[in-house]
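Dropping coords27.txt in here (compact mmCIF, C-alpha atoms):
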```txt
# COMPACT_ATOMS: atom_id res chain seq x y z
CA MET D 238 24.11 11.45 -37.71
CA GLN D 239 20.76 12.97 -38.70
CA THR D 240 19.16 15.46 -36.29
CA ILE D 241 15.51 16.31 -35.92
CA ASP D 242 16.14 20.03 -36.35
CA LYS D 243 17.72 19.54 -39.78
CA PHE D 244 15.19 17.00 -41.02
CA ASN D 245 12.21 18.11 -43.09
CA PHE D 246 9.19 15.91 -42.40
CA ALA D 247 7.04 17.45 -45.16
CA GLY D 248 4.97 14.73 -46.81
CA LYS D 249 6.62 12.02 -44.69
CA LYS D 250 5.21 9.55 -42.23
CA ALA D 251 7.35 9.23 -39.12
CA PHE D 252 7.25 6.28 -36.74
CA VAL D 253 7.83 7.98 -33.39
CA ARG D 254 8.67 5.79 -30.40
CA VAL D 255 7.62 7.70 -27.28
CA ASP D 256 7.27 6.78 -23.63
CA PHE D 257 3.60 7.30 -22.83
CA ASN D 258 3.76 4.89 -19.89
CA VAL D 259 1.71 7.26 -17.74
CA PRO D 260 -0.02 6.45 -14.44
CA LEU D 261 -3.79 5.90 -14.58
CA ASP D 262 -6.31 5.81 -11.74
CA GLU D 263 -9.02 3.17 -11.32
CA ASN D 264 -11.21 5.05 -13.82
CA PHE D 265 -8.39 5.23 -16.38
CA ASN D 266 -7.82 8.94 -15.86
CA ILE D 267 -4.21 10.10 -16.29
CA THR D 268 -2.84 11.24 -12.93
CA ASP D 269 0.45 12.62 -14.30
CA ASP D 270 0.87 13.59 -17.97
CA THR D 271 4.55 14.61 -17.70
CA ARG D 272 5.70 11.94 -20.16
CA ILE D 273 3.15 13.01 -22.77
CA ARG D 274 4.15 16.65 -22.41
CA ALA D 275 7.81 15.69 -22.76
CA ALA D 276 7.18 14.32 -26.28
CA LEU D 277 5.18 17.31 -27.52
CA PRO D 278 8.10 19.29 -29.04
CA THR D 279 9.05 16.35 -31.23
CA LEU D 280 5.49 15.61 -32.35
CA LYS D 281 4.74 19.28 -33.00
CA LYS D 282 7.91 19.68 -35.09
CA ILE D 283 6.79 16.81 -37.34
CA LEU D 284 3.31 18.31 -37.69
CA ALA D 285 4.63 21.83 -38.31
CA ASP D 286 6.77 20.51 -41.16
CA GLY D 287 3.74 18.89 -42.73
CA GLY D 288 4.55 15.37 -41.65
CA SER D 289 2.42 12.64 -40.08
CA PRO D 290 3.46 11.07 -36.77
CA ILE D 291 2.65 7.40 -36.19
CA ILE D 292 3.06 7.05 -32.43
CA GLY D 293 4.20 3.84 -30.79
CA SER D 294 4.43 3.30 -27.04
CA HIS D 295 4.00 0.79 -24.27
CA LEU D 296 1.86 1.14 -21.16
CA GLY D 297 2.54 -0.97 -18.11
CA ARG D 298 3.72 -4.58 -18.20
CA PRO D 299 0.91 -6.53 -19.89
CA LYS D 300 1.33 -10.26 -20.54
CA GLY D 301 -0.94 -10.09 -23.57
CA VAL D 302 -3.93 -8.00 -24.65
CA ASP D 303 -5.32 -6.37 -21.52
CA GLU D 304 -8.01 -3.68 -21.50
CA LYS D 305 -6.56 -1.84 -18.50
CA PHE D 306 -3.30 -1.29 -20.37
CA SER D 307 -4.90 -0.03 -23.58
CA LEU D 308 -3.54 3.24 -24.95
CA LYS D 309 -7.08 4.20 -25.96
CA HIS D 310 -7.40 5.58 -22.42
CA ILE D 311 -4.97 8.37 -23.24
CA ILE D 312 -6.20 9.42 -26.71
CA GLY D 313 -8.23 12.33 -25.37
CA ARG D 314 -5.33 13.85 -23.45
CA VAL D 315 -2.85 13.39 -26.29
CA SER D 316 -5.32 15.04 -28.70
CA GLU D 317 -5.89 17.91 -26.29
CA LEU D 318 -2.19 18.59 -25.75
CA LEU D 319 -1.28 18.27 -29.44
CA GLY D 320 -4.24 20.31 -30.66
CA VAL D 321 -5.07 17.59 -33.21
CA ASP D 322 -7.68 14.83 -33.16
CA VAL D 323 -5.49 11.77 -32.76
CA GLN D 324 -6.64 8.65 -34.62
CA PHE D 325 -6.31 5.27 -32.91
CA ALA D 326 -5.56 1.81 -34.24
CA ASN D 327 -6.85 -0.97 -32.00
CA ASP D 328 -3.75 -3.02 -32.79
CA CYS D 329 -0.15 -2.12 -33.58
CA VAL D 330 0.56 -4.61 -36.38
CA GLY D 331 -2.93 -5.74 -37.43
CA GLU D 332 -4.85 -4.94 -40.59
CA GLU D 333 -6.47 -1.83 -39.08
CA ALA D 334 -3.11 -0.36 -38.15
CA ALA D 335 -1.74 -0.95 -41.65
CA ILE D 336 -4.81 0.57 -43.33
CA LYS D 337 -4.87 3.64 -41.08
CA ALA D 338 -1.14 4.19 -41.43
CA ALA D 339 -1.37 3.99 -45.22
CA ALA D 340 -4.27 6.45 -45.31
CA LEU D 341 -2.67 8.97 -42.95
CA GLN D 342 -2.49 12.45 -44.46
CA SER D 343 -0.15 15.36 -43.81
CA GLY D 344 -0.90 16.91 -40.40
CA GLU D 345 -2.75 13.83 -39.12
CA VAL D 346 -1.65 11.70 -36.16
CA LEU D 347 -2.10 7.98 -35.53
CA LEU D 348 -1.61 6.33 -32.14
CA LEU D 349 -1.01 2.58 -32.24
CA GLU D 350 -2.24 0.20 -29.56
CA ASN D 351 0.15 -0.89 -26.79
CA LEU D 352 3.27 -2.42 -28.36
CA ARG D 353 3.75 -4.75 -25.40
CA PHE D 354 0.49 -6.54 -26.10
CA TYR D 355 2.83 -8.56 -28.31
CA ALA D 356 5.63 -10.65 -26.81
CA GLU D 357 7.61 -9.78 -29.95
CA GLU D 358 8.11 -6.20 -28.75
CA GLU D 359 10.32 -7.36 -25.87
CA GLY D 360 11.49 -10.51 -27.63
CA LYS D 361 10.73 -12.76 -24.68
CA PRO D 362 8.53 -15.86 -24.91
CA ARG D 363 5.35 -15.94 -22.84
CA GLY D 364 3.28 -18.77 -21.49
CA LEU D 365 6.10 -21.23 -20.91
CA ALA D 366 5.28 -23.83 -18.28
CA ALA D 367 7.20 -23.44 -15.06
CA ASP D 368 8.64 -26.92 -15.51
CA ALA D 369 9.59 -26.42 -19.17
CA SER D 370 12.76 -28.23 -20.19
CA ASP D 371 15.88 -26.45 -21.40
CA GLU D 372 15.10 -27.66 -24.92
CA GLU D 373 11.58 -26.22 -24.76
CA LYS D 374 12.92 -22.91 -23.46
CA ALA D 375 15.52 -22.75 -26.24
CA ALA D 376 12.90 -23.53 -28.89
CA ALA D 377 10.58 -20.84 -27.50
CA LYS D 378 13.37 -18.26 -27.52
CA LYS D 379 14.27 -19.13 -31.11
CA ALA D 380 10.63 -18.89 -32.20
CA ILE D 381 10.07 -15.49 -30.57
CA LYS D 382 13.24 -14.10 -32.15
CA GLU D 383 12.05 -15.19 -35.58
CA SER D 384 8.57 -13.72 -35.14
CA GLN D 385 10.13 -10.56 -33.68
CA LYS D 386 11.79 -9.89 -37.03
CA GLU D 387 8.41 -9.90 -38.80
CA PHE D 388 6.86 -7.78 -36.07
CA THR D 389 9.63 -5.19 -36.36
CA LYS D 390 9.52 -5.18 -40.15
CA LYS D 391 5.76 -4.56 -40.04
CA LEU D 392 6.14 -1.56 -37.74
CA ALA D 393 8.87 -0.11 -39.94
CA SER D 394 6.75 -0.54 -43.07
CA TYR D 395 4.30 2.13 -41.91
CA ALA D 396 6.77 5.00 -42.12
CA ASP D 397 9.37 6.83 -44.21
CA CYS D 398 11.53 7.73 -41.20
CA TYR D 399 12.08 6.77 -37.58
CA VAL D 400 12.32 8.99 -34.50
CA ASN D 401 13.24 7.62 -31.08
CA ASP D 402 12.10 9.94 -28.32
CA ALA D 403 11.81 7.33 -25.54
CA PHE D 404 14.92 7.59 -23.38
CA GLY D 405 13.17 5.70 -20.60
CA THR D 406 13.33 2.54 -22.72
CA ALA D 407 16.69 3.22 -24.41
CA HIS D 408 18.37 0.51 -22.35
CA ARG D 409 16.12 -2.16 -23.85
CA ALA D 410 16.88 -3.84 -27.18
CA HIS D 411 13.18 -4.04 -28.00
CA ALA D 412 11.64 -4.12 -31.46
CA SER D 413 10.45 -0.50 -31.46
CA THR D 414 13.37 1.00 -29.53
CA ALA D 415 16.38 -0.52 -31.27
CA LEU D 416 15.71 -3.25 -33.84
CA ILE D 417 13.44 -1.09 -36.02
CA ALA D 418 16.27 1.37 -36.71
CA LYS D 419 18.03 -1.02 -39.09
CA TYR D 420 15.14 -0.62 -41.54
CA PHE D 421 15.98 3.06 -42.02
CA ASP D 422 19.15 4.51 -43.48
CA THR D 423 21.30 7.00 -41.59
CA ASN D 424 19.54 10.02 -43.08
CA ASN D 425 16.09 8.82 -42.06
CA LYS D 426 16.49 7.95 -38.39
CA MET D 427 17.16 10.30 -35.51
CA PHE D 428 16.62 11.16 -31.88
CA GLY D 429 13.60 13.24 -30.89
CA TYR D 430 14.14 16.44 -28.90
CA LEU D 431 13.69 14.74 -25.52
CA MET D 432 16.11 11.94 -26.41
CA GLU D 433 18.65 14.47 -27.68
CA LYS D 434 18.49 16.36 -24.39
CA GLU D 435 18.82 13.20 -22.34
CA VAL D 436 21.83 11.96 -24.30
CA LYS D 437 23.56 15.34 -24.09
CA ALA D 438 22.91 15.61 -20.34
CA VAL D 439 24.33 12.14 -19.65
CA GLU D 440 27.36 12.73 -21.86
CA LYS D 441 28.04 16.06 -20.22
CA VAL D 442 28.00 14.62 -16.72
CA MET D 443 30.03 11.53 -17.68
CA THR D 444 32.54 12.87 -20.22
CA ASP D 445 32.49 16.67 -20.43
CA ILE D 446 33.27 17.21 -16.76
CA ASN D 447 33.96 20.48 -14.98
CA ARG D 448 35.59 19.72 -11.65
CA PRO D 449 35.06 19.15 -8.82
CA PHE D 450 32.61 16.41 -9.86
CA THR D 451 30.33 15.12 -7.10
CA ALA D 452 27.99 12.14 -7.34
CA ILE D 453 25.30 11.64 -4.71
CA MET D 454 24.19 8.02 -4.64
CA GLY D 455 21.22 7.04 -2.51
CA GLY D 456 19.09 3.94 -2.46
CA SER D 457 18.65 1.07 -0.06
CA LYS D 458 20.95 -1.57 -1.53
CA VAL D 459 24.65 -1.54 -2.30
CA SER D 460 24.07 -4.57 -4.52
CA SER D 461 21.85 -2.60 -6.91
CA LYS D 462 24.35 0.24 -7.22
CA ILE D 463 27.68 -1.62 -7.20
CA ASP D 464 28.40 -1.29 -10.94
CA ILE D 465 27.45 2.38 -10.89
CA ILE D 466 29.62 3.12 -7.86
CA GLU D 467 32.62 1.31 -9.34
CA ASN D 468 32.29 3.19 -12.63
CA LEU D 469 31.93 6.51 -10.82
CA LEU D 470 35.06 5.92 -8.73
CA SER D 471 37.11 6.40 -11.88
CA LYS D 472 35.38 9.67 -12.71
CA VAL D 473 34.35 11.65 -9.62
CA ASP D 474 36.21 13.77 -7.10
CA ASN D 475 33.57 13.29 -4.39
CA LEU D 476 31.20 10.38 -3.91
CA ILE D 477 28.43 10.79 -1.36
CA ILE D 478 26.96 7.43 -0.32
CA THR D 479 23.61 7.96 1.36
CA GLY D 480 20.13 6.51 1.87
CA GLY D 481 19.78 2.95 3.11
CA MET D 482 23.26 2.07 1.83
CA THR D 483 24.61 4.17 4.69
CA TYR D 484 24.00 1.43 7.23
CA THR D 485 25.73 -1.33 5.28
CA PHE D 486 28.85 0.85 5.13
CA THR D 487 28.49 1.83 8.79
CA LYS D 488 28.18 -1.77 9.97
CA ALA D 489 31.10 -2.80 7.76
CA LYS D 490 33.22 -0.25 9.61
CA GLY D 491 32.21 -1.73 12.96
CA GLY D 492 29.33 0.59 13.82
CA LYS D 493 26.13 -0.34 15.65
CA ILE D 494 23.09 0.15 13.42
CA SER D 495 20.47 -1.83 15.37
CA ASN D 496 17.31 -2.30 13.23
CA SER D 497 18.51 -0.19 10.27
CA ILE D 498 18.37 -1.67 6.80
CA CYS D 499 21.55 -3.56 5.96
CA GLU D 500 22.89 -6.09 3.45
CA ASP D 501 24.95 -8.32 5.69
CA ASP D 502 26.34 -10.22 2.72
CA LYS D 503 27.77 -6.99 1.27
CA LEU D 504 29.88 -5.85 4.23
CA GLU D 505 33.15 -6.97 2.64
CA LEU D 506 32.10 -5.31 -0.60
CA ALA D 507 31.50 -2.04 1.26
CA LEU D 508 35.00 -2.22 2.76
CA ASP D 509 36.44 -2.94 -0.70
CA LEU D 510 34.73 0.15 -2.10
CA ILE D 511 36.13 2.27 0.72
CA GLU D 512 39.62 1.01 -0.15
CA LYS D 513 39.12 1.58 -3.89
CA ALA D 514 38.06 5.16 -3.20
CA LYS D 515 41.26 5.72 -1.21
CA GLU D 516 43.38 4.20 -3.96
CA LYS D 517 41.79 6.44 -6.59
CA GLY D 518 41.97 9.57 -4.44
CA VAL D 519 38.17 9.91 -4.32
CA ASN D 520 36.68 11.69 -1.33
CA LEU D 521 34.11 9.12 -0.15
CA VAL D 522 31.59 10.97 2.01
CA LEU D 523 29.49 8.98 4.48
CA ALA D 524 26.95 10.06 7.09
CA VAL D 525 28.14 10.85 10.62
CA ASP D 526 24.72 11.14 12.26
CA ALA D 527 21.20 9.93 11.59
CA LYS D 528 17.58 10.72 12.31
CA ILE D 529 16.37 7.53 13.91
CA ALA D 530 12.93 6.12 14.68
CA ASP D 531 11.56 3.43 16.98
CA SER D 532 9.47 2.00 14.11
CA PHE D 533 9.22 2.28 10.33
CA SER D 534 6.45 4.85 10.39
CA ASN D 535 5.91 8.54 9.76
CA ASP D 536 4.43 8.77 13.26
CA ALA D 537 7.29 6.99 15.04
CA ASN D 538 9.20 8.57 17.91
CA THR D 539 12.38 10.16 16.58
CA LYS D 540 15.72 11.53 17.72
CA PHE D 541 19.22 12.15 16.39
CA CYS D 542 22.32 10.15 17.21
CA PRO D 543 25.73 9.24 15.76
CA VAL D 544 25.18 6.96 12.77
CA ASP D 545 27.34 4.23 14.33
CA GLN D 546 25.68 4.31 17.75
CA ILE D 547 22.02 3.59 17.04
CA PRO D 548 20.39 2.16 20.17
CA ASP D 549 18.61 -1.19 20.31
CA GLY D 550 15.11 -1.15 18.84
CA TRP D 551 15.76 1.94 16.69
CA GLU D 552 16.55 2.38 12.99
CA GLY D 553 17.97 5.12 10.81
CA LEU D 554 15.45 6.67 8.42
CA ASP D 555 17.28 9.85 7.37
CA ILE D 556 20.55 11.71 7.82
CA GLY D 557 21.11 14.04 10.75
CA PRO D 558 21.95 17.78 10.87
CA GLU D 559 25.75 17.33 11.01
CA THR D 560 25.66 15.14 7.92
CA GLU D 561 23.46 17.68 6.15
CA LYS D 562 26.15 20.32 6.72
CA ILE D 563 28.92 18.02 5.45
CA TYR D 564 27.00 17.05 2.32
CA ALA D 565 25.98 20.63 1.59
CA GLU D 566 29.56 21.89 1.85
CA VAL D 567 30.79 19.30 -0.66
CA ILE D 568 27.89 19.90 -3.06
CA LYS D 569 28.11 23.69 -3.01
CA ASN D 570 31.78 23.54 -3.95
CA SER D 571 31.12 21.30 -6.96
CA LYS D 572 30.95 22.20 -10.65
CA THR D 573 29.37 18.95 -11.91
CA ILE D 574 26.74 17.13 -9.86
CA LEU D 575 24.92 13.85 -10.38
CA TRP D 576 22.13 13.08 -7.91
CA ASN D 577 20.55 9.65 -7.84
CA GLY D 578 18.59 8.63 -4.75
CA PRO D 579 17.26 10.37 -1.61
CA THR D 580 18.99 10.46 1.78
CA GLY D 581 16.17 8.73 3.62
CA VAL D 582 12.56 7.60 3.57
CA PHE D 583 11.39 10.82 1.94
CA GLU D 584 7.93 9.32 1.32
CA PHE D 585 7.33 9.99 5.03
CA ASP D 586 7.07 13.75 5.61
CA ASN D 587 8.95 13.48 8.89
CA PHE D 588 12.00 12.10 7.08
CA THR D 589 12.29 14.47 4.12
CA HIS D 590 14.64 17.02 5.68
CA GLY D 591 17.88 15.40 4.59
CA SER D 592 16.80 15.00 0.98
CA ARG D 593 15.46 18.55 0.96
CA SER D 594 18.78 19.89 2.26
CA VAL D 595 20.64 18.03 -0.49
CA GLY D 596 18.22 19.43 -3.06
CA GLU D 597 18.72 22.97 -1.78
CA ALA D 598 22.49 22.55 -1.94
CA VAL D 599 22.26 21.28 -5.52
CA VAL D 600 20.10 24.28 -6.43
CA GLU D 601 22.61 26.70 -4.87
CA ALA D 602 25.52 25.06 -6.70
CA THR D 603 23.56 25.24 -9.95
CA LYS D 604 22.93 28.96 -9.45
CA ASN D 605 26.68 29.36 -9.01
CA GLY D 606 27.40 27.74 -12.38
CA ALA D 607 27.46 24.00 -11.71
CA PHE D 608 25.86 21.53 -14.11
CA SER D 609 23.44 19.34 -12.16
CA LEU D 610 21.78 16.17 -13.44
CA VAL D 611 19.05 14.57 -11.34
CA GLY D 612 17.89 11.10 -12.31
CA GLY D 613 16.30 7.93 -11.06
CA GLY D 614 12.66 7.73 -10.02
CA ASP D 615 13.04 8.64 -6.36
CA SER D 616 15.34 11.59 -7.03
CA VAL D 617 12.91 12.92 -9.60
CA ALA D 618 10.08 12.48 -7.10
CA CYS D 619 12.19 14.41 -4.58
CA VAL D 620 12.79 17.46 -6.75
CA ASN D 621 9.14 17.48 -7.80
CA LYS D 622 7.97 17.17 -4.19
CA PHE D 623 10.22 20.03 -3.11
CA GLY D 624 9.31 22.22 -6.12
CA ILE D 625 12.91 22.60 -7.34
CA ALA D 626 12.84 20.66 -10.63
CA ASP D 627 13.16 23.89 -12.61
CA GLN D 628 16.15 25.02 -10.54
CA VAL D 629 18.56 22.21 -11.49
CA SER D 630 20.22 21.85 -14.89
CA TYR D 631 18.41 18.73 -16.02
CA VAL D 632 15.96 16.18 -14.65
CA SER D 633 16.19 12.88 -16.49
CA THR D 634 13.03 11.01 -17.52
CA GLY D 635 14.84 7.67 -17.63
CA GLY D 636 15.38 5.67 -14.46
CA GLY D 637 16.88 2.38 -15.61
CA ALA D 638 18.28 3.91 -18.80
CA LEU D 639 20.09 6.63 -16.89
CA LEU D 640 21.54 4.16 -14.38
CA GLU D 641 22.85 1.88 -17.11
CA ALA D 642 24.40 4.86 -18.90
CA ILE D 643 26.13 5.85 -15.65
CA GLU D 644 27.39 2.27 -15.33
CA GLY D 645 29.14 2.84 -18.63
CA LYS D 646 26.92 0.51 -20.65
CA THR D 647 26.02 1.13 -24.28
CA LEU D 648 22.27 1.71 -24.53
CA PRO D 649 20.72 -0.19 -27.48
CA GLY D 650 18.21 2.58 -28.25
CA ILE D 651 21.03 5.10 -28.63
CA ALA D 652 23.43 2.79 -30.45
CA ALA D 653 20.71 1.90 -32.97
CA ILE D 654 20.50 5.50 -34.17
CA ARG D 655 24.23 6.10 -34.16
CA GLU D 656 25.67 2.84 -35.46
CA TYR D 657 23.49 1.11 -38.02
```

Would you put the structure from the file into structure tokens?
Amino acid sequence: MQTIDKFNFAGKKAFVRVDFNVPLDENFNITDDTRIRAALPTLKKILADGGSPIIGSHLGRPKGVDEKFSLKHIIGRVSELLGVDVQFANDCVGEEAAIKAAALQSGEVLLLENLRFYAEEEGKPRGLAADASDEEKAAAKKAIKESQKEFTKKLASYADCYVNDAFGTAHRAHASTALIAKYFDTNNKMFGYLMEKEVKAVEKVMTDINRPFTAIMGGSKVSSKIDIIENLLSKVDNLIITGGMTYTFTKAKGGKISNSICEDDKLELALDLIEKAKEKGVNLVLAVDAKIADSFSNDANTKFCPVDQIPDGWEGLDIGPETEKIYAEVIKNSKTILWNGPTGVFEFDNFTHGSRSVGEAVVEATKNGAFSLVGGGDSVACVNKFGIADQVSYVSTGGGALLEAIEGKTLPGIAAIREY
């Protein structure tokens, strides 16, 4: 497989799929440019070689051309960070894009308009009536798949080589993240630096394991994490179930959780997972106490109590001090750590302590030689909020992509580089 370090971009145009899906305020100012900064090493390598990057990205979830999702809003910041005046095409497959791509010279950069302005990027029909028949739906799907081929071919025609540096969209078989790769031979398609790092981090935590291996799984719903948990049960030594899922497990075991979040239709599933952990010899770690509140509010009255004895009218919003000690002990004695999801409602300052204690334990384990991978939007927000992102081994940029990789799924954006 080709690697970006070994490839010489001199005199070549490179279609670079990045993830510039950055947050904008009401005046279209970028409020967090982390994703742009993450792609800089790849773009600068191409420029340093004497190549010409043609940048493709999405922004938001537009249902067609929409001014507020235009990538023109970010041109200034991209130019500033790259140190090059970035050109802009007001379409991604129109005549202007083709002309500007063809005219691009060595050391110049072209940013295409939002790829998702076209339904062909995602390969899903738009505008179908709610009462459309099955035949109409099938015809629409067939039509979009046919037009997607032309859309993909057009994007590929701009460049001599293809670089995928958008791990955040690697789990989508979209035109620019997977399908485009088949238009380039093995020697002319590769991962960008960010993608390389992401893939290596995931593979290290899922296959190149130093034990004990501990996974910390937070989140509110067991249903959204079931496939991940089941896959992890065949890999980990310790599995910490935390966050809102705590209360589904607690109720399943006969505990009183009062107003705490719970999936009542997943109680049997929770019990099944407890049994599977026993069968596989996995140490399933659950909370023993909770920080509870008399309303879902940062300003609510709070107290601590056993997690299975929450009084009427109260709800658990974070773990308690005894649970913090238990989690920390397990984490500090680990050599591989995967953290996905906070322990409580960390958005409220009064309920951040549990997540902070987990973060501090992960940092301490990392200092002692553990490999720690933090991923999923809320976990990333946690480590950024607590100022410890630079003290763990790796912070993943891909939420959904990381979760699907942990589930054991093949990611189309990765397979496209490796297999075609």

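Near Ile292 in chain D, within 10 Å and counting only C-alpha atoms, sit Ala251, Phe252, Val253, Arg254, Val255, Asp256, Phe257, Leu280, Val323, Phe325, Cys329, Val346, Leu347, Leu348, Leu349, Glu350 and Val400 of chain D, not including residues fewer than 5 positions from it in the same chain.
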
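Rounded to one decimal, CA of Lys305 in chain D and CA of Val632 in chain D lie 29.1 Å from each other.
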
Give me, as a list in words, all polymer residues having an atom no more than 10 Å from His590 in chain D, counting all atoms listed in the file and skipping those fewer than 6 positions away in the same chain.
Lys528, Asp555, Ile556, Gly557, Pro558, Glu561, Thr580, Gly581, Val582, Phe583 and Gly596 of chain D

Please provide the set of residues having any atom within 6 Å of Glu644 in chain D, restricted to all atoms listed in the file, with same-chain residues fewer than 6 positions apart removed, written as a PyMOL selection string.
chain D and resi 464-465+468

Which residues, written as a ChimeraX atom specification, have at least one atom at most 12 Å from Ala380 in chain D, with all atoms listed in the file counted and residues fewer than 2 positions away on the same chain left out?
/D:356-357,360-363,373-378,382-387

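In terms of minimum interatomic distance to Lys419 in chain D, D:Arg655 ranks closest within D:Arg655, D:Lys503, D:Lys604, D:Lys250, counting only C-alpha atoms.
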
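Across the model, the gap from CA of Ile273 in chain D to CA of Val315 in chain D is 7.0 Å.
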
Take the point (18.5, 9.6, -17.5) as written in the file and pick out every residue within 10 Å of it, counting all atoms listed in the file; give the list as a PyMOL selection string.
chain D and resi 404-405+407+432+434-436+438-439+577+610-614+631-643

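Minimum atom-to-atom distance to Lys309 in chain D, evaluated using all atoms listed in the file, belongs to D:Asn327 out of D:Asn327, D:Asn587, D:Gly429, D:Glu552.
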
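CA of Cys619 in chain D is found 21.0 Å from CA of Ile466 in chain D.
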
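Within the 9 Å cut-off around Thr560 in chain D, using only C-alpha atoms and omitting residues fewer than 4 positions from it on the same chain, the listed residues are D:Leu523, D:Ala524, D:Val525, D:Asp526, D:Ala527, D:Ile556, D:Tyr564, D:Ala565, D:Gly591.
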
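When only C-alpha atoms are used to measure the gap to Ser495 in chain D, the shortest distance among D:Arg409, D:Glu372, D:Gln546, D:Gly606 belongs to D:Gln546.
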
Of the candidates D:Ala410, D:Met482, D:Ile477, D:Ile291, which shows the shortest atom-to-atom distance to Ser461 in chain D, using all atoms listed in the file?
D:Met482

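For the residues D:Phe265, D:Phe608, D:Tyr420, D:Phe246, ranking by smallest atom-to-atom distance to Asp445 in chain D using all atoms listed in the file places D:Phe608 first.
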
Just save range 568-573 of chain D with all heavy atoms, as a PDB file, in the first residue's frame.
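Ended up saving to selection_2.pdb:
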```
ATOM      1  N   ILE D 568      -8.271   1.438  36.084  1.00  0.00           N
ATOM      2  CA  ILE D 568      -7.624   2.168  34.982  1.00  0.00           C
ATOM      3  C   ILE D 568      -6.121   2.280  35.195  1.00  0.00           C
ATOM      4  O   ILE D 568      -5.324   2.036  34.265  1.00  0.00           O
ATOM      5  CB  ILE D 568      -8.255   3.575  34.834  1.00  0.00           C
ATOM      6  CG1 ILE D 568      -9.718   3.450  34.383  1.00  0.00           C
ATOM      7  CG2 ILE D 568      -7.462   4.425  33.837  1.00  0.00           C
ATOM      8  CD1 ILE D 568     -10.518   4.739  34.521  1.00  0.00           C
ATOM      9  N   LYS D 569      -5.708   2.616  36.386  1.00  0.00           N
ATOM     10  CA  LYS D 569      -4.282   2.817  36.654  1.00  0.00           C
ATOM     11  C   LYS D 569      -3.471   1.541  36.516  1.00  0.00           C
ATOM     12  O   LYS D 569      -2.254   1.587  36.299  1.00  0.00           O
ATOM     13  CB  LYS D 569      -4.097   3.412  38.058  1.00  0.00           C
ATOM     14  CG  LYS D 569      -4.562   4.860  38.171  1.00  0.00           C
ATOM     15  CD  LYS D 569      -4.467   5.352  39.610  1.00  0.00           C
ATOM     16  CE  LYS D 569      -5.041   6.750  39.761  1.00  0.00           C
ATOM     17  NZ  LYS D 569      -5.002   7.218  41.168  1.00  0.00           N
ATOM     18  N   ASN D 570      -4.126   0.407  36.637  1.00  0.00           N
ATOM     19  CA  ASN D 570      -3.422  -0.876  36.505  1.00  0.00           C
ATOM     20  C   ASN D 570      -3.529  -1.453  35.092  1.00  0.00           C
ATOM     21  O   ASN D 570      -3.223  -2.635  34.878  1.00  0.00           O
ATOM     22  CB  ASN D 570      -3.978  -1.886  37.519  1.00  0.00           C
ATOM     23  CG  ASN D 570      -3.523  -1.570  38.934  1.00  0.00           C
ATOM     24  OD1 ASN D 570      -2.332  -1.439  39.183  1.00  0.00           O
ATOM     25  ND2 ASN D 570      -4.465  -1.411  39.856  1.00  0.00           N
ATOM     26  N   SER D 571      -3.951  -0.636  34.140  1.00  0.00           N
ATOM     27  CA  SER D 571      -4.132  -1.087  32.762  1.00  0.00           C
ATOM     28  C   SER D 571      -2.957  -0.672  31.878  1.00  0.00           C
ATOM     29  O   SER D 571      -2.264   0.300  32.163  1.00  0.00           O
ATOM     30  CB  SER D 571      -5.431  -0.502  32.189  1.00  0.00           C
ATOM     31  OG  SER D 571      -6.534  -0.872  32.996  1.00  0.00           O
ATOM     32  N   LYS D 572      -2.771  -1.433  30.791  1.00  0.00           N
ATOM     33  CA  LYS D 572      -1.705  -1.127  29.837  1.00  0.00           C
ATOM     34  C   LYS D 572      -2.259  -0.689  28.472  1.00  0.00           C
ATOM     35  O   LYS D 572      -1.545  -0.125  27.656  1.00  0.00           O
ATOM     36  CB  LYS D 572      -0.793  -2.340  29.648  1.00  0.00           C
ATOM     37  CG  LYS D 572       0.078  -2.634  30.862  1.00  0.00           C
ATOM     38  CD  LYS D 572       0.974  -1.440  31.197  1.00  0.00           C
ATOM     39  CE  LYS D 572       1.841  -1.693  32.417  1.00  0.00           C
ATOM     40  NZ  LYS D 572       2.603  -0.463  32.815  1.00  0.00           N
ATOM     41  N   THR D 573      -3.535  -0.979  28.231  1.00  0.00           N
ATOM     42  CA  THR D 573      -4.235  -0.484  27.047  1.00  0.00           C
ATOM     43  C   THR D 573      -5.588   0.035  27.513  1.00  0.00           C
ATOM     44  O   THR D 573      -6.290  -0.664  28.261  1.00  0.00           O
ATOM     45  CB  THR D 573      -4.437  -1.596  25.996  1.00  0.00           C
ATOM     46  OG1 THR D 573      -3.158  -2.135  25.616  1.00  0.00           O
ATOM     47  CG2 THR D 573      -5.130  -1.047  24.751  1.00  0.00           C
TER      48      THR D 573
END
```
